[in-house]
Amino acid sequence: MGIEAIGRCSCEAPAQQYAARASYRERTQTQAGSLSVRTEDGDVVNISFASLSQKSVGKYAAAGGGAGVRGSERSSTSAVAVEISIEGELDSDEVEDIRKLLSQLASAVRNPNPRKIERQFEQLDTLSAFQFGYEETVSKSYESISLLA
């Protein structure tokens with residue numbers, strides 16, 4: 001009787017539960033712009049720039065069998081490129097007016113108002129014309145996965 005009882009005994013270990021979860025976020029921002037300025041005396045200044053900023057965060061966690069682990073990872077990347085060319089010779093008043101124009105355009109990128117830019121440009125006596133282009137792109141992504149066994 002004792003041997004039969006042992007033979008019928010369920011000797012399996014209880015089922016273990018395991019769980020895992022992971023997530024990943026990424027944000028990428030690119031900016032590019034160009035400015036071409038002509039002074040009253042015919043000098044030409046061309047300025048172009050591009051920038052990239054990328055940030056990501058990854059997190060993970062796993063548990064099972066009485067043990068667990070969790071962690072995270074962060075990364076950040078940035079790059080900027082600027083190119084300037086000058087045809088002619090700039091005097092100090094022209095340099096100052098170009099500096100003011102750059103400041104006005106930077107402000108306009110944050111709060112666009114074409115009439116205000118036009119009025120401010122008319123006050124820059126040494127500049128006869130300018131052309132400005134700007135583009136900004138922001139993308140975000142998120143991924144998540146969960147497993148339960």
# chains A, B, ... in the order shown; residues from 1 in each chain; ligands from 1
>>> select_by_dssp(residues="chain A", states="strand (DSSP E)", output="number ranges by chain")
A: 18-39, 44-64, 67-87, 127-148
>>> closest_atom_pairs(of="region 23-128 of chain A", to="region 133-148 of chain A", cutoff="7 Å", atoms="only C-alpha atoms", output="tab-separated table")
residue	atom	partner	partner_atom	distance
A:Ser23	CA	A:Ser144	CA	4.2
A:Tyr24	CA	A:Glu143	CA	5.2
A:Arg25	CA	A:Tyr142	CA	4.5
A:Glu26	CA	A:Ser141	CA	5.3
A:Arg27	CA	A:Lys140	CA	4.5
A:Thr28	CA	A:Ser139	CA	5.3
A:Gln29	CA	A:Val138	CA	4.4
A:Thr30	CA	A:Thr137	CA	5.2
A:Gln31	CA	A:Glu136	CA	4.4
A:Ala32	CA	A:Glu135	CA	5.3
A:Gly33	CA	A:Tyr134	CA	4.2
A:Ser34	CA	A:Gly133	CA	5.3
A:Leu35	CA	A:Gly133	CA	6.6
>>> write_last_selection(atoms="N, CA and C atoms", output="PDB file, in the first residue's frame")
ATOM      1  N   SER A  23       9.803  48.847 -22.850  1.00  0.00           N
ATOM      2  CA  SER A  23       9.278  50.001 -23.583  1.00  0.00           C
ATOM      3  C   SER A  23      10.447  50.827 -24.097  1.00  0.00           C
ATOM      4  N   TYR A  24      10.176  51.564 -25.175  1.00  0.00           N
ATOM      5  CA  TYR A  24      11.210  52.369 -25.813  1.00  0.00           C
ATOM      6  C   TYR A  24      10.567  53.632 -26.365  1.00  0.00           C
ATOM      7  N   ARG A  25      11.126  54.784 -26.034  1.00  0.00           N
ATOM      8  CA  ARG A  25      10.651  56.067 -26.561  1.00  0.00           C
ATOM      9  C   ARG A  25      11.804  56.758 -27.265  1.00  0.00           C
ATOM     10  N   GLU A  26      11.460  57.445 -28.352  1.00  0.00           N
ATOM     11  CA  GLU A  26      12.480  58.187 -29.086  1.00  0.00           C
ATOM     12  C   GLU A  26      11.882  59.491 -29.596  1.00  0.00           C
ATOM     13  N   ARG A  27      12.674  60.561 -29.522  1.00  0.00           N
ATOM     14  CA  ARG A  27      12.271  61.866 -30.050  1.00  0.00           C
ATOM     15  C   ARG A  27      13.416  62.378 -30.908  1.00  0.00           C
ATOM     16  N   THR A  28      13.090  62.747 -32.127  1.00  0.00           N
ATOM     17  CA  THR A  28      14.086  63.282 -33.052  1.00  0.00           C
ATOM     18  C   THR A  28      13.609  64.645 -33.547  1.00  0.00           C
ATOM     19  N   GLN A  29      14.512  65.610 -33.514  1.00  0.00           N
ATOM     20  CA  GLN A  29      14.187  66.957 -33.989  1.00  0.00           C
ATOM     21  C   GLN A  29      15.285  67.397 -34.951  1.00  0.00           C
ATOM     22  N   THR A  30      14.874  67.847 -36.131  1.00  0.00           N
ATOM     23  CA  THR A  30      15.827  68.401 -37.085  1.00  0.00           C
ATOM     24  C   THR A  30      15.408  69.828 -37.419  1.00  0.00           C
ATOM     25  N   GLN A  31      16.387  70.664 -37.631  1.00  0.00           N
ATOM     26  CA  GLN A  31      16.155  72.048 -38.028  1.00  0.00           C
ATOM     27  C   GLN A  31      17.147  72.371 -39.135  1.00  0.00           C
ATOM     28  N   ALA A  32      16.677  73.104 -40.118  1.00  0.00           N
ATOM     29  CA  ALA A  32      17.553  73.534 -41.205  1.00  0.00           C
ATOM     30  C   ALA A  32      17.089  74.904 -41.674  1.00  0.00           C
ATOM     31  N   GLY A  33      18.044  75.729 -42.027  1.00  0.00           N
ATOM     32  CA  GLY A  33      17.676  77.054 -42.497  1.00  0.00           C
ATOM     33  C   GLY A  33      18.763  77.660 -43.357  1.00  0.00           C
ATOM     34  N   SER A  34      18.361  78.685 -44.092  1.00  0.00           N
ATOM     35  CA  SER A  34      19.329  79.416 -44.907  1.00  0.00           C
ATOM     36  C   SER A  34      18.905  80.879 -44.983  1.00  0.00           C
ATOM     37  N   LEU A  35      19.893  81.731 -45.054  1.00  0.00           N
ATOM     38  CA  LEU A  35      19.670  83.170 -45.154  1.00  0.00           C
ATOM     39  C   LEU A  35      20.644  83.729 -46.176  1.00  0.00           C
TER      40      LEU A  35
END
>>> select_by_dssp(residues="chain A", states="helix (DSSP H, G or I)", output="PyMOL selection string")
chain A and resi 2-8+92-110+114-122
>>> closest_residue(among="A:Lys116, A:Gln17, A:Leu101, A:Leu127", to="Gly65 (chain A)", atoms="only C-alpha atoms")
A:Gln17
>>> closest_residue(among="A:Arg21, A:Lys59, A:Arg38, A:Arg115", to="Arg74 (chain A)", atoms="only C-alpha atoms")
A:Lys59
>>> closest_residue(among="A:Val44, A:Ser75, A:Phe121, A:Phe132", to="Gly58 (chain A)", atoms="only C-alpha atoms")
A:Ser75
>>> atom_distance(atom1="CA of Val109 (chain A)", atom2="CA of Leu124 (chain A)")
19.0 Å
>>> residues_around(residues="region 88-100 of chain A", least_positions_apart="3", cutoff="8 Å", atoms="only C-alpha atoms", output="list in words")
Val37, Thr39, Gly42, Asp43, Val44, Ser103, Gln104, Leu124, Asp125, Thr126 and Leu127 of chain A
>>> write_last_selection(atoms="C-alpha atoms", output="PDB file, in the first residue's frame")
ATOM      1  CA  VAL A  37      21.484  88.932 -47.551  1.00  0.00           C
ATOM      2  CA  THR A  39      23.815  94.920 -48.694  1.00  0.00           C
ATOM      3  CA  GLY A  42      26.321  94.909 -53.285  1.00  0.00           C
ATOM      4  CA  ASP A  43      28.002  92.604 -50.764  1.00  0.00           C
ATOM      5  CA  VAL A  44      26.346  89.186 -50.444  1.00  0.00           C
ATOM      6  CA  SER A 103      18.035  88.072 -34.082  1.00  0.00           C
ATOM      7  CA  GLN A 104      14.715  89.202 -35.620  1.00  0.00           C
ATOM      8  CA  LEU A 124      18.138  98.155 -41.266  1.00  0.00           C
ATOM      9  CA  ASP A 125      19.641 100.904 -43.448  1.00  0.00           C
ATOM     10  CA  THR A 126      22.642  99.016 -44.842  1.00  0.00           C
ATOM     11  CA  LEU A 127      20.712  95.973 -46.194  1.00  0.00           C
TER      12      LEU A 127
END
>>> atom_distance(atom1="CA of Thr77 (chain A)", atom2="CA of Leu105 (chain A)")
26.0 Å
>>> atom_distance(atom1="CA of Glu73 (chain A)", atom2="CA of Leu52 (chain A)")
20.3 Å
>>> closest_residue(among="A:Val69, A:Asp41, A:Tyr60, A:Gln131", to="Leu102 (chain A)", atoms="only C-alpha atoms")
A:Gln131
